[in-house]
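What follows is the content of start30.txt, which has compact mmCIF, C-alpha atoms:
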# COMPACT_ATOMS: atom_id res chain seq x y z
CA MET A 868 -65.78 -214.27 1.36
CA ASN A 869 -62.03 -214.74 1.75
CA GLY A 870 -59.65 -211.84 2.19
CA ASP A 871 -57.90 -212.23 -1.18
CA LEU A 872 -61.20 -212.07 -3.05
CA VAL A 873 -62.23 -208.97 -1.09
CA ARG A 874 -58.95 -207.28 -1.90
CA PHE A 875 -59.13 -208.34 -5.57
CA THR A 876 -62.68 -207.00 -5.87
CA GLU A 877 -61.72 -203.69 -4.27
CA LEU A 878 -58.80 -203.28 -6.67
CA VAL A 879 -60.93 -204.07 -9.72
CA ASP A 880 -63.58 -201.62 -8.50
CA ARG A 881 -60.91 -198.97 -7.99
CA TYR A 882 -58.78 -199.39 -11.12
CA GLY A 883 -61.06 -201.23 -13.56
CA PRO A 884 -60.74 -204.65 -15.21
CA ASP A 885 -57.74 -203.75 -17.43
CA ILE A 886 -55.00 -204.93 -15.07
CA GLY A 887 -52.33 -203.75 -17.52
CA CYS A 888 -53.40 -200.15 -16.82
CA TRP A 889 -53.23 -200.37 -13.03
CA PRO A 890 -50.82 -197.80 -11.54
CA ASP A 891 -49.06 -200.20 -9.14
CA ALA A 892 -47.11 -203.01 -10.81
CA ILE A 893 -46.91 -205.06 -7.60
CA GLU A 894 -50.66 -204.98 -7.14
CA ALA A 895 -51.15 -205.78 -10.82
CA ASN A 896 -48.90 -208.85 -10.62
CA TRP A 897 -50.68 -210.04 -7.49
CA ALA A 898 -54.02 -209.59 -9.23
CA ARG A 899 -52.88 -211.64 -12.23
CA ARG A 900 -51.78 -214.49 -9.96
CA THR A 901 -55.06 -214.34 -8.06
CA LEU A 902 -56.98 -214.36 -11.33
CA MET A 903 -55.26 -217.53 -12.43
CA ALA A 904 -55.66 -219.23 -9.06
CA ALA A 905 -59.23 -218.41 -8.05
CA PRO A 906 -62.40 -218.99 -10.11
CA GLU A 907 -64.23 -216.52 -7.88
CA ALA A 908 -61.73 -213.83 -8.89
CA ARG A 909 -62.32 -214.67 -12.56
CA ALA A 910 -66.06 -214.24 -12.02
CA VAL A 911 -65.47 -210.80 -10.48
CA HIS A 912 -63.16 -209.87 -13.33
CA GLU A 913 -65.60 -211.01 -15.99
CA GLU A 914 -68.42 -209.08 -14.35
CA ALA A 915 -66.23 -205.95 -14.45
CA LEU A 916 -65.49 -206.57 -18.13
CA ARG A 917 -69.21 -206.92 -18.88
CA LEU A 918 -69.86 -203.66 -17.06
CA SER A 919 -67.17 -201.91 -19.13
CA ASP A 920 -68.67 -203.26 -22.35
CA ALA A 921 -72.16 -202.21 -21.29
CA LEU A 922 -70.88 -198.73 -20.46
CA ALA A 923 -69.29 -198.47 -23.91
CA GLY A 924 -72.72 -199.24 -25.36
CA TYR A 925 -74.25 -196.63 -23.04
CA GLY A 926 -71.75 -194.06 -24.36
CA ALA A 927 -72.53 -194.94 -27.96
CA ALA A 928 -76.25 -194.59 -27.24
CA LEU A 929 -75.63 -191.15 -25.69
CA ASP A 930 -73.88 -190.09 -28.88
CA VAL A 931 -76.86 -191.23 -30.95
CA MET A 932 -79.10 -188.89 -28.91
CA VAL A 933 -77.02 -185.91 -30.03
CA LYS A 934 -78.00 -184.36 -33.37
CA PRO A 935 -75.58 -184.63 -36.27
CA ASP A 936 -73.10 -181.81 -36.86
CA VAL A 937 -73.27 -180.85 -33.19
CA SER A 938 -69.75 -179.40 -33.36
CA SER A 939 -70.62 -177.06 -36.23
CA ARG A 940 -73.87 -176.01 -34.61
CA VAL A 941 -72.26 -175.26 -31.24
CA ALA A 942 -69.36 -173.41 -32.89
CA ALA A 943 -71.71 -171.27 -34.99
CA ALA A 944 -73.77 -170.35 -31.94
CA VAL A 945 -70.66 -169.45 -29.96
CA MET A 946 -69.12 -167.34 -32.72
CA VAL A 947 -72.20 -165.14 -32.85
CA LYS A 948 -71.90 -164.44 -29.11
CA LEU A 949 -68.13 -163.88 -28.98
CA PRO A 950 -67.14 -160.54 -27.42
CA ARG A 951 -64.84 -158.52 -29.69
CA ARG A 952 -61.23 -159.13 -28.86
CA VAL A 953 -58.89 -156.07 -29.05
CA SER A 954 -55.48 -157.10 -30.37
CA GLU A 955 -52.40 -156.50 -28.26
CA PHE A 956 -51.26 -153.66 -30.53
CA GLY A 957 -54.78 -152.23 -30.69
CA TRP A 958 -54.98 -152.21 -26.92
CA TRP A 959 -52.23 -149.59 -26.83
CA MET A 960 -53.56 -147.47 -29.65
CA PRO A 961 -56.24 -145.68 -27.61
CA ARG A 962 -53.67 -144.99 -24.91
CA ILE A 963 -51.21 -143.51 -27.40
CA ALA A 964 -53.93 -141.40 -28.98
CA ALA A 965 -55.08 -140.15 -25.58
CA GLY A 966 -51.52 -139.26 -24.64
CA PHE A 967 -51.08 -137.39 -27.90
CA MET A 968 -54.26 -135.42 -27.33
CA LEU A 969 -53.19 -134.50 -23.81
CA ALA A 970 -49.83 -133.31 -25.16
CA VAL A 971 -51.56 -131.14 -27.74
CA ILE A 972 -53.87 -129.64 -25.15
CA ALA A 973 -51.04 -129.03 -22.69
CA GLY A 974 -48.94 -127.41 -25.39
CA GLY A 975 -51.80 -125.17 -26.41
CA MET A 976 -52.43 -124.10 -22.85
CA PHE A 977 -48.74 -123.42 -22.37
CA ASP A 978 -48.73 -121.28 -25.48
CA PHE A 979 -51.83 -119.36 -24.47
CA TYR A 980 -51.05 -118.59 -20.86
CA VAL A 981 -47.30 -118.71 -20.42
CA GLN A 982 -46.03 -117.32 -23.72
CA GLN A 983 -48.55 -114.49 -23.84
CA GLY A 984 -47.72 -113.50 -20.29
CA ALA A 985 -44.02 -113.28 -21.14
CA GLN A 986 -44.73 -111.16 -24.20
CA ALA A 987 -46.76 -108.76 -22.06
CA GLN A 988 -43.77 -108.16 -19.79
CA ASP A 989 -41.42 -107.45 -22.73
CA SER A 990 -43.67 -105.00 -24.58
CA ILE A 991 -42.87 -101.24 -24.59
CA GLU A 992 -45.46 -98.60 -25.19
CA LEU A 993 -44.26 -95.57 -26.95
CA ALA A 994 -46.07 -92.29 -26.47
CA SER A 995 -45.45 -89.53 -28.94
CA LEU A 996 -45.69 -86.06 -27.36
CA ASP A 997 -46.81 -83.16 -29.57
CA THR A 998 -44.07 -80.50 -29.38
CA LEU A 999 -46.55 -77.69 -30.09
CA VAL A 1000 -48.42 -78.65 -26.96
CA TYR A 1001 -45.53 -79.65 -24.90
CA GLY A 1002 -42.77 -77.02 -25.36
CA PRO A 1003 -39.10 -77.41 -24.60
CA GLY A 1004 -39.69 -76.43 -20.97
CA GLU A 1005 -42.21 -79.27 -20.41
CA LEU A 1006 -39.93 -81.68 -22.05
CA GLU A 1007 -37.12 -80.56 -19.83
CA LEU A 1008 -34.69 -80.36 -22.71
CA PRO A 1009 -31.28 -78.89 -22.04
CA MET B 1334 -51.03 -193.58 -6.83
CA VAL B 1335 -50.39 -190.31 -8.66
CA SER B 1336 -50.34 -190.21 -12.44
CA ALA B 1337 -47.98 -187.60 -13.91
CA PRO B 1338 -49.63 -184.67 -15.72
CA ASP B 1339 -48.83 -184.38 -19.42
CA HIS B 1340 -46.56 -181.33 -19.31
CA ASN B 1341 -45.96 -181.32 -23.07
CA ARG B 1342 -49.68 -181.19 -23.72
CA ILE B 1343 -50.17 -178.49 -21.07
CA ALA B 1344 -47.45 -176.36 -22.69
CA ALA B 1345 -48.95 -176.86 -26.16
CA ASP B 1346 -52.37 -175.88 -24.87
CA ALA B 1347 -50.89 -172.78 -23.22
CA ALA B 1348 -49.48 -171.70 -26.60
CA LEU B 1349 -52.85 -172.34 -28.21
CA MET B 1350 -54.58 -170.26 -25.54
CA ALA B 1351 -52.15 -167.39 -26.20
CA ARG B 1352 -53.29 -167.38 -29.83
CA ILE B 1353 -56.92 -167.45 -28.75
CA ALA B 1354 -56.22 -164.56 -26.36
CA ALA B 1355 -54.84 -162.61 -29.34
CA GLY B 1356 -58.13 -163.13 -31.15
CA ASP B 1357 -57.32 -166.15 -33.33
CA GLN B 1358 -60.84 -167.37 -34.06
CA ALA B 1359 -59.62 -170.16 -36.34
CA ALA B 1360 -57.65 -171.71 -33.48
CA PHE B 1361 -60.65 -171.30 -31.20
CA GLY B 1362 -62.84 -172.98 -33.78
CA ARG B 1363 -60.52 -175.99 -33.87
CA VAL B 1364 -60.76 -176.34 -30.09
CA MET B 1365 -64.56 -176.26 -30.33
CA ARG B 1366 -64.59 -178.82 -33.13
CA ASP B 1367 -62.35 -181.20 -31.15
CA GLU B 1368 -63.96 -180.86 -27.72
CA THR B 1369 -67.69 -180.45 -28.45
CA PRO B 1370 -68.65 -184.15 -28.75
CA ARG B 1371 -67.09 -185.08 -25.40
CA LEU B 1372 -68.51 -182.08 -23.57
CA VAL B 1373 -72.00 -182.67 -24.94
CA ARG B 1374 -71.76 -186.33 -23.95
CA LEU B 1375 -70.77 -185.45 -20.39
CA ALA B 1376 -73.53 -182.86 -20.00
CA LEU B 1377 -76.08 -185.18 -21.60
CA SER B 1378 -75.24 -187.96 -19.15
CA LEU B 1379 -76.05 -185.55 -16.31
CA LEU B 1380 -78.98 -183.59 -17.74
CA GLY B 1381 -80.80 -186.07 -19.97
CA SER B 1382 -81.48 -183.35 -22.56
CA ALA B 1383 -79.43 -182.94 -25.74
CA ALA B 1384 -80.57 -179.32 -26.13
CA GLU B 1385 -79.45 -178.40 -22.62
CA ALA B 1386 -76.21 -180.30 -23.13
CA GLU B 1387 -75.42 -178.21 -26.23
CA GLU B 1388 -76.14 -175.03 -24.29
CA VAL B 1389 -73.73 -176.16 -21.59
CA ALA B 1390 -71.04 -176.73 -24.22
CA GLN B 1391 -71.69 -173.27 -25.73
CA ASP B 1392 -71.43 -171.65 -22.31
CA ALA B 1393 -68.19 -173.52 -21.55
CA PHE B 1394 -66.58 -172.33 -24.80
CA LEU B 1395 -67.62 -168.72 -24.19
CA ARG B 1396 -66.02 -168.91 -20.77
CA LEU B 1397 -62.88 -170.35 -22.35
CA TRP B 1398 -62.70 -167.40 -24.78
CA ASN B 1399 -63.07 -164.92 -21.91
CA ALA B 1400 -60.52 -166.78 -19.77
CA ALA B 1401 -57.86 -166.90 -22.50
CA PRO B 1402 -56.09 -163.61 -21.63
CA ASP B 1403 -55.55 -164.82 -18.05
CA TRP B 1404 -54.79 -168.47 -18.89
CA GLU B 1405 -52.17 -170.11 -16.70
CA PRO B 1406 -50.43 -173.29 -17.94
CA ARG B 1407 -51.63 -175.54 -15.13
CA ALA B 1408 -54.10 -177.77 -16.98
CA GLN B 1409 -55.05 -178.99 -20.40
CA ILE B 1410 -57.83 -177.18 -22.24
CA GLY B 1411 -59.95 -180.35 -22.35
CA THR B 1412 -59.69 -180.85 -18.60
CA TRP B 1413 -60.66 -177.22 -17.97
CA LEU B 1414 -63.64 -177.49 -20.30
CA HIS B 1415 -64.78 -180.72 -18.64
CA GLN B 1416 -64.58 -179.07 -15.23
CA VAL B 1417 -66.62 -176.07 -16.37
CA SER B 1418 -69.18 -178.27 -18.13
CA TYR B 1419 -69.59 -180.43 -15.04
CA ARG B 1420 -70.17 -177.38 -12.83
CA LEU B 1421 -72.60 -175.81 -15.29
CA SER B 1422 -74.54 -179.07 -15.47
CA ILE B 1423 -74.70 -179.34 -11.68
CA ASP B 1424 -75.94 -175.73 -11.53
CA ILE B 1425 -78.77 -176.62 -13.89
CA ILE B 1426 -79.67 -179.66 -11.79
CA ARG B 1427 -79.59 -177.50 -8.64
CA ARG B 1428 -82.03 -175.04 -10.19
CA ARG B 1429 -84.42 -177.93 -10.71
CA ARG B 1430 -84.15 -178.85 -7.02
CA PRO B 1431 -82.94 -175.80 -5.11
CA THR B 1432 -83.35 -177.25 -1.61
CA VAL B 1433 -81.50 -180.51 -2.18
CA ASP B 1434 -77.80 -181.37 -2.30
CA VAL B 1435 -78.06 -182.86 -5.73
CA GLU B 1436 -74.48 -183.96 -6.32
CA ASP B 1437 -74.86 -186.98 -4.07
CA MET B 1438 -78.57 -187.61 -4.51
CA GLU B 1439 -79.87 -190.60 -6.38
CA GLN B 1440 -82.64 -190.52 -8.96
CA VAL B 1441 -82.03 -186.89 -9.85
CA LEU B 1442 -81.90 -187.53 -13.57
CA SER B 1443 -84.82 -189.91 -13.92
CA ASP B 1444 -87.17 -187.55 -12.09
CA ASP B 1445 -86.02 -184.14 -13.22
CA ALA B 1446 -84.76 -184.09 -16.78
CA ALA B 1447 -86.45 -181.23 -18.64
CA SER B 1448 -87.17 -183.47 -21.58
CA PRO B 1449 -86.09 -186.93 -20.58
CA GLU B 1450 -84.84 -188.57 -23.71
CA ARG B 1451 -84.57 -192.25 -23.29
CA ILE B 1452 -81.55 -194.07 -24.57
CA ALA B 1453 -82.36 -196.62 -27.22
CA LEU B 1454 -80.58 -199.84 -26.33
CA ASP B 1455 -80.94 -203.19 -27.91
CA ASN B 1456 -80.77 -205.59 -25.02
CA GLU B 1457 -82.40 -205.79 -21.63
CA ARG B 1458 -79.18 -205.66 -19.64
CA ASP B 1459 -78.02 -202.47 -21.36
CA ARG B 1460 -81.43 -200.88 -20.77
CA LEU B 1461 -81.16 -201.78 -17.10
CA LEU B 1462 -77.67 -200.30 -17.03
CA ALA B 1463 -78.91 -197.04 -18.53
CA HIS B 1464 -81.70 -196.92 -15.94
CA ALA B 1465 -79.16 -197.64 -13.19
CA MET B 1466 -76.93 -194.82 -14.50
CA ASP B 1467 -79.91 -192.46 -14.30
CA ARG B 1468 -80.30 -193.39 -10.65
CA LEU B 1469 -76.67 -192.81 -9.70
CA PRO B 1470 -75.90 -189.54 -7.90
CA PRO B 1471 -74.49 -187.01 -10.40
CA ARG B 1472 -71.05 -187.11 -8.85
CA GLN B 1473 -70.78 -190.89 -9.12
CA ARG B 1474 -72.27 -190.85 -12.60
CA THR B 1475 -69.68 -188.29 -13.65
CA ALA B 1476 -66.87 -190.43 -12.23
CA ILE B 1477 -68.10 -193.38 -14.32
CA VAL B 1478 -68.46 -191.28 -17.47
CA LEU B 1479 -65.03 -189.70 -17.07
CA ALA B 1480 -63.36 -193.08 -16.54
CA HIS B 1481 -65.18 -195.14 -19.17
CA LEU B 1482 -66.33 -192.73 -21.87
CA GLN B 1483 -64.25 -189.57 -21.91
CA GLY B 1484 -60.70 -190.89 -22.24
CA LEU B 1485 -59.38 -188.78 -19.35
CA SER B 1486 -56.50 -189.94 -17.17
CA GLN B 1487 -56.99 -190.33 -13.41
CA ALA B 1488 -55.19 -187.01 -12.88
CA GLU B 1489 -57.44 -185.20 -15.37
CA ALA B 1490 -60.63 -186.79 -14.05
CA SER B 1491 -59.77 -185.91 -10.45
CA ALA B 1492 -59.11 -182.31 -11.57
CA VAL B 1493 -62.54 -182.17 -13.22
CA LEU B 1494 -64.18 -183.12 -9.95
CA ASP B 1495 -61.75 -180.99 -7.95
CA VAL B 1496 -60.59 -183.85 -5.72
CA THR B 1497 -57.33 -185.69 -5.12
CA GLU B 1498 -56.59 -188.74 -7.27
CA ASP B 1499 -57.05 -190.97 -4.21
CA ALA B 1500 -60.47 -189.45 -3.58
CA TYR B 1501 -61.40 -189.86 -7.24
CA GLU B 1502 -60.40 -193.53 -7.25
CA SER B 1503 -62.47 -194.12 -4.10
CA LEU B 1504 -65.44 -192.32 -5.67
CA LEU B 1505 -65.07 -194.38 -8.84
CA ALA B 1506 -64.93 -197.61 -6.83
CA ARG B 1507 -68.14 -196.68 -4.96
CA ALA B 1508 -69.79 -195.72 -8.24
CA ARG B 1509 -68.91 -199.02 -9.91
CA ARG B 1510 -70.15 -201.01 -6.90
CA ARG B 1511 -73.40 -199.05 -6.76
CA LEU B 1512 -73.91 -199.41 -10.50
CA LYS B 1513 -73.44 -203.17 -10.27
CA GLU B 1514 -75.85 -203.36 -7.33
CA LEU B 1515 -78.53 -201.37 -9.14
CA THR B 1516 -78.15 -203.39 -12.31
CA MET B 1517 -78.06 -206.74 -10.57
CA ASP B 1518 -81.01 -205.84 -8.32
CA ALA B 1519 -83.06 -204.92 -11.37
CA MET B 1520 -82.16 -208.24 -12.99
CA GLY B 1521 -82.79 -210.18 -9.78
CA GLU B 1522 -79.22 -211.42 -9.75
CA LYS B 1523 -76.50 -211.47 -7.11
CA SER B 1524 -73.03 -210.17 -7.70
CA PRO B 1525 -70.38 -212.93 -7.58
CA ALA B 1526 -68.40 -210.80 -5.12
CA LYS B 1527 -71.20 -211.07 -2.59
CA ASP B 1528 -71.24 -214.88 -2.54
CA GLY B 1529 -69.09 -216.91 -0.16
Is it possible to express this structure as structure tokens?
Amino acid sequence: MNGDLVRFTELVDRYGPDIGCWPDAIEANWARRTLMAAPEARAVHEEALRLSDALAGYGAALDVMVKPDVSSRVAAAVMVKLPRRVSEFGWWMPRIAAGFMLAVIAGGMFDFYVQQGAQAQDSIELASLDTLVYGPGELELP
Amino acid sequence: MVSAPDHNRIAADAALMARIAAGDQAAFGRVMRDETPRLVRLALSLLGSAAEAEEVAQDAFLRLWNAAPDWEPRAQIGTWLHQVSYRLSIDIIRRRRPTVDVEDMEQVLSDDAASPERIALDNERDRLLAHAMDRLPPRQRTAIVLAHLQGLSQAEASAVLDVTEDAYESLLARARRRLKELTMDAMGEKSPAKDG
């Protein structure tokens, strides 16, 4: 088998029979010239076209094996299993609520321990002495 | 040769994924409606069972939903789903044959499909082709399906198989040659490329 035919076959195997879709324009132009010049290349090309057609039929037959409304059925099954999505705003709500609760608790603790302690220091106890019991001398009055 | 990725489509898909991440079930439903037939076809070509193929598609979409919050605009949604579906299908095949490297093994499908559903084809050559496809290793079969049936570009198909574009093109060439050999051998014919 001559070198040009080998190269042509390798390119068709690699890129497919649609020479217009080949990525390299230089290779595509060479392939077109080879196709016109060599019957063996045309045979290779036609075989690749038959394979593509047969594969299209294979794909259509695969689709026939799938039950109708497959998209609806798959979507319905997936929707039932979807984990609940928390919205972006909702994601922050628990955090804000938790922060608020912590602030309330901290404020309450501050009020209970700190404020009451300060009031204890400021308080004055008054004792009323009975003058009949405690005379002027005991009271040390002038 | 490197084909350029479709950046406009990737950006549009990234915006769509942001909506899905925010909980937009209608947008998610549209993705499922658009992608399900192709994903089921790919999985069916590997597994031989329509029921298993639908389960693969369901699993792929659930993974897409969970991946949405962390989505990075590097690939199209369809390419990502194809990649996940391929891997899920290979995992199922591996469970059937845990001691064998199934991706490159021939005759995996014809021997191991859970409920081998046979493709109804009208002519002998197409039946032989379907049988030959069953005998291709899963990786080569996937390369053929991606190129001929799924409408993916070379860049997208190589991303599905997690290889370079050069490697994908080489794999596709080997797959086409092997498919021709298997079909021709079954028909008792010789490939024109082998003569002379």
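Within 6 Å of chain A, and counting all atoms listed in the file, chain B contributes Ala1355, Gly1356, Arg1366, Thr1369, Ala1383, Gln1391, Ile1452, Asp1459, Glu1502, Ala1506 and Gly1529 of chain B.
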Can you tell me, as a CSV table (one decimal) with C-alpha atoms, keeping the file's coordinate frame, what residues are no more than 12 Å from stretch 1337-1354 of chain B when counting all atoms listed in the file, ignoring any on the same chain fewer than 5 positions away?
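Okay, out22.csv is ready:
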chain,number,residue,atom,x,y,z
A,890,PRO,CA,-50.8,-197.8,-11.5
A,949,LEU,CA,-68.1,-163.9,-29.0
A,950,PRO,CA,-67.1,-160.5,-27.4
A,951,ARG,CA,-64.8,-158.5,-29.7
A,952,ARG,CA,-61.2,-159.1,-28.9
A,953,VAL,CA,-58.9,-156.1,-29.0
A,954,SER,CA,-55.5,-157.1,-30.4
A,955,GLU,CA,-52.4,-156.5,-28.3
B,1359,ALA,CA,-59.6,-170.2,-36.3
B,1360,ALA,CA,-57.6,-171.7,-33.5
B,1361,PHE,CA,-60.6,-171.3,-31.2
B,1362,GLY,CA,-62.8,-173.0,-33.8
B,1363,ARG,CA,-60.5,-176.0,-33.9
B,1364,VAL,CA,-60.8,-176.3,-30.1
B,1365,MET,CA,-64.6,-176.3,-30.3
B,1394,PHE,CA,-66.6,-172.3,-24.8
B,1395,LEU,CA,-67.6,-168.7,-24.2
B,1397,LEU,CA,-62.9,-170.4,-22.4
B,1398,TRP,CA,-62.7,-167.4,-24.8
B,1399,ASN,CA,-63.1,-164.9,-21.9
B,1400,ALA,CA,-60.5,-166.8,-19.8
B,1401,ALA,CA,-57.9,-166.9,-22.5
B,1402,PRO,CA,-56.1,-163.6,-21.6
B,1403,ASP,CA,-55.6,-164.8,-18.0
B,1404,TRP,CA,-54.8,-168.5,-18.9
B,1405,GLU,CA,-52.2,-170.1,-16.7
B,1406,PRO,CA,-50.4,-173.3,-17.9
B,1407,ARG,CA,-51.6,-175.5,-15.1
B,1408,ALA,CA,-54.1,-177.8,-17.0
B,1409,GLN,CA,-55.0,-179.0,-20.4
B,1410,ILE,CA,-57.8,-177.2,-22.2
B,1411,GLY,CA,-60.0,-180.4,-22.4
B,1412,THR,CA,-59.7,-180.8,-18.6
B,1413,TRP,CA,-60.7,-177.2,-18.0
B,1485,LEU,CA,-59.4,-188.8,-19.4
B,1486,SER,CA,-56.5,-189.9,-17.2
B,1487,GLN,CA,-57.0,-190.3,-13.4
B,1488,ALA,CA,-55.2,-187.0,-12.9
B,1489,GLU,CA,-57.4,-185.2,-15.4
B,1490,ALA,CA,-60.6,-186.8,-14.0
B,1491,SER,CA,-59.8,-185.9,-10.4
B,1492,ALA,CA,-59.1,-182.3,-11.6
B,1498,GLU,CA,-56.6,-188.7,-7.3
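Across the model, the gap from atom CA of B:His1481 to atom CA of A:Ile886 is 14.7 Å.
For the pair atom CA of B:Arg1429 and atom CA of B:Pro1470, the interatomic distance is 14.7 Å.
Computed from the coordinates, the atom CA of B:Leu1504 to atom CA of B:Thr1475 distance equals 9.9 Å.
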Find the residues near B:Thr1516: any atom within 12 Å, counting all atoms listed in the file, skip ones fewer than 6 places away on the same chain, and give them as an MDAnalysis selection string. (chainID A and resid 914 917:918 921:922) or (chainID B and resid 1457:1469 1509:1510 1522:1524)
What does the file look like for those residues with C-alpha atoms, as a PDB file, in the frame of the given file?
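To be explicit, this is the file written out as result.pdb:
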ATOM      1  CA  GLU A 914     -68.420-209.080 -14.350  1.00  0.00           C
ATOM      2  CA  ARG A 917     -69.210-206.920 -18.880  1.00  0.00           C
ATOM      3  CA  LEU A 918     -69.860-203.660 -17.060  1.00  0.00           C
ATOM      4  CA  ALA A 921     -72.160-202.210 -21.290  1.00  0.00           C
ATOM      5  CA  LEU A 922     -70.880-198.730 -20.460  1.00  0.00           C
TER       6      LEU A 922
ATOM      7  CA  GLU B1457     -82.400-205.790 -21.630  1.00  0.00           C
ATOM      8  CA  ARG B1458     -79.180-205.660 -19.640  1.00  0.00           C
ATOM      9  CA  ASP B1459     -78.020-202.470 -21.360  1.00  0.00           C
ATOM     10  CA  ARG B1460     -81.430-200.880 -20.770  1.00  0.00           C
ATOM     11  CA  LEU B1461     -81.160-201.780 -17.100  1.00  0.00           C
ATOM     12  CA  LEU B1462     -77.670-200.300 -17.030  1.00  0.00           C
ATOM     13  CA  ALA B1463     -78.910-197.040 -18.530  1.00  0.00           C
ATOM     14  CA  HIS B1464     -81.700-196.920 -15.940  1.00  0.00           C
ATOM     15  CA  ALA B1465     -79.160-197.640 -13.190  1.00  0.00           C
ATOM     16  CA  MET B1466     -76.930-194.820 -14.500  1.00  0.00           C
ATOM     17  CA  ASP B1467     -79.910-192.460 -14.300  1.00  0.00           C
ATOM     18  CA  ARG B1468     -80.300-193.390 -10.650  1.00  0.00           C
ATOM     19  CA  LEU B1469     -76.670-192.810  -9.700  1.00  0.00           C
ATOM     20  CA  ARG B1509     -68.910-199.020  -9.910  1.00  0.00           C
ATOM     21  CA  ARG B1510     -70.150-201.010  -6.900  1.00  0.00           C
ATOM     22  CA  GLU B1522     -79.220-211.420  -9.750  1.00  0.00           C
ATOM     23  CA  LYS B1523     -76.500-211.470  -7.110  1.00  0.00           C
ATOM     24  CA  SER B1524     -73.030-210.170  -7.700  1.00  0.00           C
TER      25      SER B1524
END
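When only C-alpha atoms are used to compute distances to B:Leu1379, the closest of the residues B:Arg1474, B:Arg1427, B:Arg1396, B:His1415 turns out to be B:Arg1474.
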Might I get the box with edges along x, y and z of the file that holds all atoms of stretch 1414-1423 of chain B listed there, padded by 3 Å on every side, given as centre and edge lengths in Å to one decimal, as lines of an AutoDock Vina configuration file?
center_x = -69.2
center_y = -178.3
center_z = -16.0
size_x = 17.1
size_y = 10.9
size_z = 14.6
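Taking all atoms listed in the file into account, A:Leu916 lies nearest to B:Lys1513 out of the set B:Lys1513, B:Leu1372, B:Thr1497, B:Asn1456.
Near B:Ser1422, within a cut-off of 9 Å and counting all atoms listed in the file, sit the residues Leu1375, Ala1376, Leu1377, Leu1379, Leu1380, Glu1385, Ala1386, Val1389, Val1417, Ser1418, Ile1426 and Arg1427 of chain B, with same-chain residues fewer than 4 positions away left out.
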